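Each remark here refers to the structure printed beneath this line.
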Amino acid sequence: MTRAVIADDESLMREQLRERLTELWPELEIVAEAKNGIEAVEMVNAHRPEVVFLDIRMPAKSGIEAARDIAAQENVPEIVFVTAYDQYAIDAFQQGVIDYVLKPAERERLAVTVERLKKRLAAPPKSAGALHEALARLAEKLEPAARLAWIQASVGNQIQMIAVDEVLFFVADEKYTRVQTAKQEALIRKPIKELIAELDPAQFWQIHRSTLINARAIAGITRDERGRQLVSIKGRPEKLEVSRSYAHLFKGM
């Protein structure tokens, strides 16, 4: 039986992909699911699957970064990127040694991927060098180009340009998203979901569906009387709540 690991920070996306794979590939055994890139590498090390499905955009370690770590192992599994962005998927697909699935995982496209995977698994092992080269080309195309360096935000009646590195955290606030730096508060109309896709996942962690935090700004983690994890921010009085879905980011802290 072929074994697989699924890695996606959205539980609904993992569930949907698992259900579709069960339908299209009954012989496939999902041996583990990961919520971020770090967990994905750990799961692959622990279970040694033949296939791994990696969301490109994940907190703590992106899918590209996780794939690099996985590709450094012996008996490298087949890698399939799961993405909501067509241009990334096309780039990955054209490398030849990497496949892709678009979010949400449609049956027709996933069926094509399944057939391709079965053929690859039946063929001689691929060259690790070719995989590393493909990952390097893909990373060069998508990682720097997709990341925000500056944000145009409203500060009172003025529009200002704010360097992303200066942002301590983003918090969704009804129609706007609050941008907090050490010196000022600003507002933008870009939702959290779009910011996740455009920010460096190693630097900006999602700790709640409405909150992104600059990992470099974390002062510490505490628990309140209800057992909730709260993140303290350097130089700020706020304590930002960590939802259960993202508690794994602070293991060992």
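We label chains A, B, ... in the order they appear in the structure tokens, count residues from 1 in each chain, and number ligands from 1 in the order shown.
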Polymer residues at most 9 Å from range 204-218 of chain A, only C-alpha atoms, same-chain spacing of 2 or more positions, as number ranges by chain: A: 58-60, 165-173, 177, 191-193, 195-196, 199-202, 220-221, 231-235, 240-247, 249
Report the residues of range 19-250 of chain A whose backbone DSSP state falls under strand (DSSP E), written as an mmCIF file with N, CA and C atoms, in the first residue's frame.
```cif
data_model
loop_
_atom_site.group_PDB
_atom_site.id
_atom_site.type_symbol
_atom_site.label_atom_id
_atom_site.label_comp_id
_atom_site.auth_asym_id
_atom_site.auth_seq_id
_atom_site.Cartn_x
_atom_site.Cartn_y
_atom_site.Cartn_z
ATOM 1 N N LEU A 28 -4.368 4.224 -1.286
ATOM 2 C CA LEU A 28 -3.469 5.174 -0.622
ATOM 3 C C LEU A 28 -3.809 5.270 0.863
ATOM 4 N N GLU A 29 -2.807 5.183 1.702
ATOM 5 C CA GLU A 29 -2.998 5.311 3.148
ATOM 6 C C GLU A 29 -2.428 6.647 3.621
ATOM 7 N N ILE A 30 -3.283 7.512 4.172
ATOM 8 C CA ILE A 30 -2.817 8.772 4.745
ATOM 9 C C ILE A 30 -2.289 8.475 6.140
ATOM 10 N N VAL A 31 -0.988 8.464 6.295
ATOM 11 C CA VAL A 31 -0.391 8.032 7.562
ATOM 12 C C VAL A 31 -0.233 9.176 8.562
ATOM 13 N N ALA A 32 -0.274 10.431 8.071
ATOM 14 C CA ALA A 32 -0.124 11.564 8.982
ATOM 15 C C ALA A 32 -0.576 12.849 8.299
ATOM 16 N N GLU A 33 -0.983 13.814 9.124
ATOM 17 C CA GLU A 33 -1.339 15.141 8.636
ATOM 18 C C GLU A 33 -0.572 16.174 9.452
ATOM 19 N N ALA A 34 -0.079 17.206 8.766
ATOM 20 C CA ALA A 34 0.713 18.251 9.422
ATOM 21 C C ALA A 34 0.058 19.610 9.217
ATOM 22 N N VAL A 51 4.572 9.451 -0.836
ATOM 23 C CA VAL A 51 4.031 10.687 -1.411
ATOM 24 C C VAL A 51 3.797 11.696 -0.286
ATOM 25 N N VAL A 52 4.063 12.981 -0.574
ATOM 26 C CA VAL A 52 3.750 14.038 0.385
ATOM 27 C C VAL A 52 3.082 15.188 -0.361
ATOM 28 N N PHE A 53 1.943 15.639 0.182
ATOM 29 C CA PHE A 53 1.203 16.775 -0.369
ATOM 30 C C PHE A 53 1.507 17.983 0.514
ATOM 31 N N LEU A 54 2.111 19.026 -0.073
ATOM 32 C CA LEU A 54 2.552 20.191 0.687
ATOM 33 C C LEU A 54 1.853 21.455 0.221
ATOM 34 N N ASP A 55 1.183 22.134 1.150
ATOM 35 C CA ASP A 55 0.669 23.462 0.836
ATOM 36 C C ASP A 55 1.870 24.387 0.663
ATOM 37 N N GLU A 78 7.583 11.280 -3.577
ATOM 38 C CA GLU A 78 7.017 12.140 -4.609
ATOM 39 C C GLU A 78 6.411 13.360 -3.917
ATOM 40 N N ILE A 79 6.662 14.530 -4.463
ATOM 41 C CA ILE A 79 6.183 15.768 -3.854
ATOM 42 C C ILE A 79 5.107 16.404 -4.721
ATOM 43 N N VAL A 80 3.988 16.730 -4.098
ATOM 44 C CA VAL A 80 2.884 17.412 -4.781
ATOM 45 C C VAL A 80 2.599 18.697 -4.020
ATOM 46 N N PHE A 81 2.678 19.835 -4.704
ATOM 47 C CA PHE A 81 2.354 21.104 -4.067
ATOM 48 C C PHE A 81 0.867 21.382 -4.190
ATOM 49 N N VAL A 82 0.280 21.842 -3.084
ATOM 50 C CA VAL A 82 -1.122 22.237 -3.058
ATOM 51 C C VAL A 82 -1.145 23.760 -2.953
ATOM 52 N N THR A 83 -1.794 24.421 -3.895
ATOM 53 C CA THR A 83 -1.721 25.877 -3.946
ATOM 54 C C THR A 83 -3.009 26.498 -4.450
ATOM 55 N N ASP A 99 4.616 17.749 -9.011
ATOM 56 C CA ASP A 99 3.238 17.900 -9.480
ATOM 57 C C ASP A 99 2.520 18.901 -8.590
ATOM 58 N N TYR A 100 1.254 19.189 -8.920
ATOM 59 C CA TYR A 100 0.516 20.181 -8.161
ATOM 60 C C TYR A 100 -0.968 19.856 -8.141
ATOM 61 N N VAL A 101 -1.632 20.441 -7.154
ATOM 62 C CA VAL A 101 -3.089 20.397 -7.041
ATOM 63 C C VAL A 101 -3.541 21.794 -6.665
ATOM 64 N N LEU A 102 -4.536 22.319 -7.367
ATOM 65 C CA LEU A 102 -5.060 23.636 -7.039
ATOM 66 C C LEU A 102 -6.121 23.536 -5.946
ATOM 67 N N TRP A 150 6.600 46.567 1.215
ATOM 68 C CA TRP A 150 6.009 47.796 1.710
ATOM 69 C C TRP A 150 4.490 47.680 1.693
ATOM 70 N N ILE A 151 3.873 48.385 2.614
ATOM 71 C CA ILE A 151 2.414 48.419 2.680
ATOM 72 C C ILE A 151 1.958 49.872 2.630
ATOM 73 N N GLN A 152 0.990 50.140 1.773
ATOM 74 C CA GLN A 152 0.389 51.477 1.708
ATOM 75 C C GLN A 152 -0.803 51.487 2.654
ATOM 76 N N ALA A 153 -0.727 52.316 3.702
ATOM 77 C CA ALA A 153 -1.742 52.275 4.757
ATOM 78 C C ALA A 153 -2.237 53.674 5.108
ATOM 79 N N SER A 154 -3.435 53.703 5.677
ATOM 80 C CA SER A 154 -4.034 54.963 6.124
ATOM 81 C C SER A 154 -3.661 55.212 7.578
ATOM 82 N N VAL A 155 -3.083 56.393 7.819
ATOM 83 C CA VAL A 155 -2.767 56.823 9.183
ATOM 84 C C VAL A 155 -3.477 58.158 9.387
ATOM 85 N N GLN A 158 -3.908 60.623 6.359
ATOM 86 C CA GLN A 158 -2.770 60.501 5.455
ATOM 87 C C GLN A 158 -2.581 59.064 4.976
ATOM 88 N N ILE A 159 -1.966 58.931 3.812
ATOM 89 C CA ILE A 159 -1.548 57.630 3.299
ATOM 90 C C ILE A 159 -0.037 57.539 3.450
ATOM 91 N N GLN A 160 0.421 56.503 4.109
ATOM 92 C CA GLN A 160 1.857 56.334 4.328
ATOM 93 C C GLN A 160 2.332 54.984 3.820
ATOM 94 N N MET A 161 3.612 54.913 3.492
ATOM 95 C CA MET A 161 4.247 53.652 3.123
ATOM 96 C C MET A 161 4.955 53.104 4.359
ATOM 97 N N ILE A 162 4.610 51.901 4.735
ATOM 98 C CA ILE A 162 5.176 51.265 5.920
ATOM 99 C C ILE A 162 5.979 50.038 5.501
ATOM 100 N N ALA A 163 7.219 49.948 5.935
ATOM 101 C CA ALA A 163 8.055 48.781 5.636
ATOM 102 C C ALA A 163 7.511 47.566 6.387
ATOM 103 N N VAL A 167 6.470 46.100 10.877
ATOM 104 C CA VAL A 167 5.153 45.716 11.398
ATOM 105 C C VAL A 167 5.313 44.685 12.511
ATOM 106 N N LEU A 168 4.676 44.955 13.643
ATOM 107 C CA LEU A 168 4.701 44.013 14.768
ATOM 108 C C LEU A 168 3.618 42.955 14.613
ATOM 109 N N PHE A 169 2.413 43.405 14.201
ATOM 110 C CA PHE A 169 1.332 42.446 13.974
ATOM 111 C C PHE A 169 0.237 43.075 13.121
ATOM 112 N N PHE A 170 -0.576 42.190 12.530
ATOM 113 C CA PHE A 170 -1.774 42.570 11.784
ATOM 114 C C PHE A 170 -2.970 41.942 12.488
ATOM 115 N N VAL A 171 -4.050 42.714 12.662
ATOM 116 C CA VAL A 171 -5.269 42.182 13.268
ATOM 117 C C VAL A 171 -6.466 42.621 12.434
ATOM 118 N N ALA A 172 -7.296 41.661 12.004
ATOM 119 C CA ALA A 172 -8.499 41.982 11.238
ATOM 120 C C ALA A 172 -9.481 42.733 12.127
ATOM 121 N N ASP A 173 -10.056 43.814 11.589
ATOM 122 C CA ASP A 173 -10.985 44.650 12.354
ATOM 123 C C ASP A 173 -12.134 45.061 11.434
ATOM 124 N N TYR A 176 -11.557 46.524 7.906
ATOM 125 C CA TYR A 176 -10.148 46.873 7.744
ATOM 126 C C TYR A 176 -9.252 45.865 8.458
ATOM 127 N N THR A 177 -7.959 45.984 8.182
ATOM 128 C CA THR A 177 -6.956 45.239 8.931
ATOM 129 C C THR A 177 -6.046 46.248 9.615
ATOM 130 N N ARG A 178 -5.902 46.103 10.913
ATOM 131 C CA ARG A 178 -5.041 47.010 11.690
ATOM 132 C C ARG A 178 -3.585 46.612 11.513
ATOM 133 N N VAL A 179 -2.747 47.594 11.235
ATOM 134 C CA VAL A 179 -1.309 47.392 11.085
ATOM 135 C C VAL A 179 -0.622 48.106 12.247
ATOM 136 N N GLN A 180 0.073 47.375 13.085
ATOM 137 C CA GLN A 180 0.696 47.970 14.264
ATOM 138 C C GLN A 180 2.217 47.916 14.152
ATOM 139 N N THR A 181 2.853 49.077 14.214
ATOM 140 C CA THR A 181 4.310 49.146 14.300
ATOM 141 C C THR A 181 4.664 49.642 15.690
ATOM 142 N N GLU A 185 -0.149 53.157 14.597
ATOM 143 C CA GLU A 185 -1.185 52.224 14.157
ATOM 144 C C GLU A 185 -1.741 52.732 12.833
ATOM 145 N N ALA A 186 -1.970 51.822 11.900
ATOM 146 C CA ALA A 186 -2.500 52.196 10.589
ATOM 147 C C ALA A 186 -3.553 51.186 10.174
ATOM 148 N N LEU A 187 -4.265 51.492 9.096
ATOM 149 C CA LEU A 187 -5.311 50.609 8.600
ATOM 150 C C LEU A 187 -5.107 50.341 7.111
ATOM 151 N N ILE A 188 -5.400 49.115 6.709
ATOM 152 C CA ILE A 188 -5.394 48.745 5.292
ATOM 153 C C ILE A 188 -6.655 47.947 5.001
ATOM 154 N N PHE A 204 6.236 35.985 9.443
ATOM 155 C CA PHE A 204 4.901 36.324 9.935
ATOM 156 C C PHE A 204 4.082 35.057 10.151
ATOM 157 N N TRP A 205 3.740 34.819 11.408
ATOM 158 C CA TRP A 205 3.008 33.617 11.786
ATOM 159 C C TRP A 205 1.543 33.958 12.001
ATOM 160 N N GLN A 206 0.675 33.106 11.493
ATOM 161 C CA GLN A 206 -0.739 33.256 11.811
ATOM 162 C C GLN A 206 -0.989 32.549 13.136
ATOM 163 N N ILE A 207 -1.509 33.297 14.127
ATOM 164 C CA ILE A 207 -1.776 32.700 15.438
ATOM 165 C C ILE A 207 -3.266 32.624 15.725
ATOM 166 N N HIS A 208 -4.059 33.207 14.844
ATOM 167 C CA HIS A 208 -5.513 33.222 14.972
ATOM 168 C C HIS A 208 -6.054 33.542 13.591
ATOM 169 N N THR A 211 -5.379 37.145 13.083
ATOM 170 C CA THR A 211 -4.137 37.741 13.571
ATOM 171 C C THR A 211 -2.887 37.141 12.925
ATOM 172 N N LEU A 212 -2.009 38.021 12.445
ATOM 173 C CA LEU A 212 -0.675 37.649 11.992
ATOM 174 C C LEU A 212 0.326 38.394 12.857
ATOM 175 N N ILE A 213 1.392 37.723 13.275
ATOM 176 C CA ILE A 213 2.360 38.355 14.155
ATOM 177 C C ILE A 213 3.761 38.185 13.585
ATOM 178 N N ASN A 214 4.566 39.233 13.718
ATOM 179 C CA ASN A 214 5.966 39.183 13.319
ATOM 180 C C ASN A 214 6.702 38.369 14.376
ATOM 181 N N ILE A 218 7.965 38.782 19.056
ATOM 182 C CA ILE A 218 7.419 38.020 20.184
ATOM 183 C C ILE A 218 8.303 38.201 21.418
ATOM 184 N N ALA A 219 7.683 38.654 22.524
ATOM 185 C CA ALA A 219 8.420 38.826 23.781
ATOM 186 C C ALA A 219 8.282 37.603 24.674
ATOM 187 N N GLY A 220 7.138 36.904 24.566
ATOM 188 C CA GLY A 220 6.928 35.731 25.407
ATOM 189 C C GLY A 220 5.529 35.172 25.258
ATOM 190 N N ILE A 221 5.305 34.010 25.853
ATOM 191 C CA ILE A 221 4.010 33.327 25.803
ATOM 192 C C ILE A 221 3.552 33.059 27.234
ATOM 193 N N THR A 222 2.284 33.386 27.514
ATOM 194 C CA THR A 222 1.717 33.089 28.825
ATOM 195 C C THR A 222 0.368 32.412 28.640
ATOM 196 N N ARG A 223 -0.218 31.970 29.744
ATOM 197 C CA ARG A 223 -1.571 31.402 29.736
ATOM 198 C C ARG A 223 -2.437 32.174 30.717
ATOM 199 N N GLN A 229 -3.479 30.474 25.379
ATOM 200 C CA GLN A 229 -2.138 31.004 25.165
ATOM 201 C C GLN A 229 -2.240 32.462 24.706
ATOM 202 N N LEU A 230 -1.397 33.315 25.277
ATOM 203 C CA LEU A 230 -1.371 34.729 24.924
ATOM 204 C C LEU A 230 0.054 35.124 24.573
ATOM 205 N N VAL A 231 0.209 35.836 23.451
ATOM 206 C CA VAL A 231 1.527 36.274 22.996
ATOM 207 C C VAL A 231 1.760 37.712 23.432
ATOM 208 N N SER A 232 2.883 37.960 24.094
ATOM 209 C CA SER A 232 3.283 39.316 24.459
ATOM 210 C C SER A 232 4.162 39.882 23.351
ATOM 211 N N ILE A 233 3.973 41.184 23.060
ATOM 212 C CA ILE A 233 4.692 41.849 21.989
ATOM 213 C C ILE A 233 5.736 42.794 22.570
ATOM 214 N N LYS A 239 -1.749 41.696 24.547
ATOM 215 C CA LYS A 239 -1.493 40.256 24.592
ATOM 216 C C LYS A 239 -2.442 39.629 23.579
ATOM 217 N N LEU A 240 -1.897 39.017 22.550
ATOM 218 C CA LEU A 240 -2.690 38.491 21.449
ATOM 219 C C LEU A 240 -2.977 37.010 21.651
ATOM 220 N N GLU A 241 -4.248 36.647 21.507
ATOM 221 C CA GLU A 241 -4.668 35.267 21.747
ATOM 222 C C GLU A 241 -4.220 34.333 20.629
ATOM 223 N N VAL A 242 -3.788 33.149 21.023
ATOM 224 C CA VAL A 242 -3.429 32.086 20.083
ATOM 225 C C VAL A 242 -4.566 31.078 20.063
#
```
Interatomic distance (Å, one decimal) between CA of Ile64 in chain A and CA of Met43 in chain A: 15.9 Å
Check the DSSP output for the backbone and give back, as a ChimeraX atom specification, the residues of range 4-252 of chain A in helix (DSSP H, G or I). /A:11-24,37-47,63-71,86-94,107-122,128-146,164-166,192-198,215-217,244-250
Pick the closest to Thr113 in chain A from A:Ala40, A:Ala71, A:Leu24, A:Leu135: which is it, counting only C-alpha atoms?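 Under the stated criterion, the closest residue is A:Leu24.
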Using CA of Val164 in chain A and CA of Ile38 in chain A as the two end points, give the distance in Å to one decimal. 23.7 Å
Taking only C-alpha atoms into account, which of A:Arg3, A:Ala136, A:Gln73, A:Asp224 comes nearest Glu27 in chain A? A:Arg3
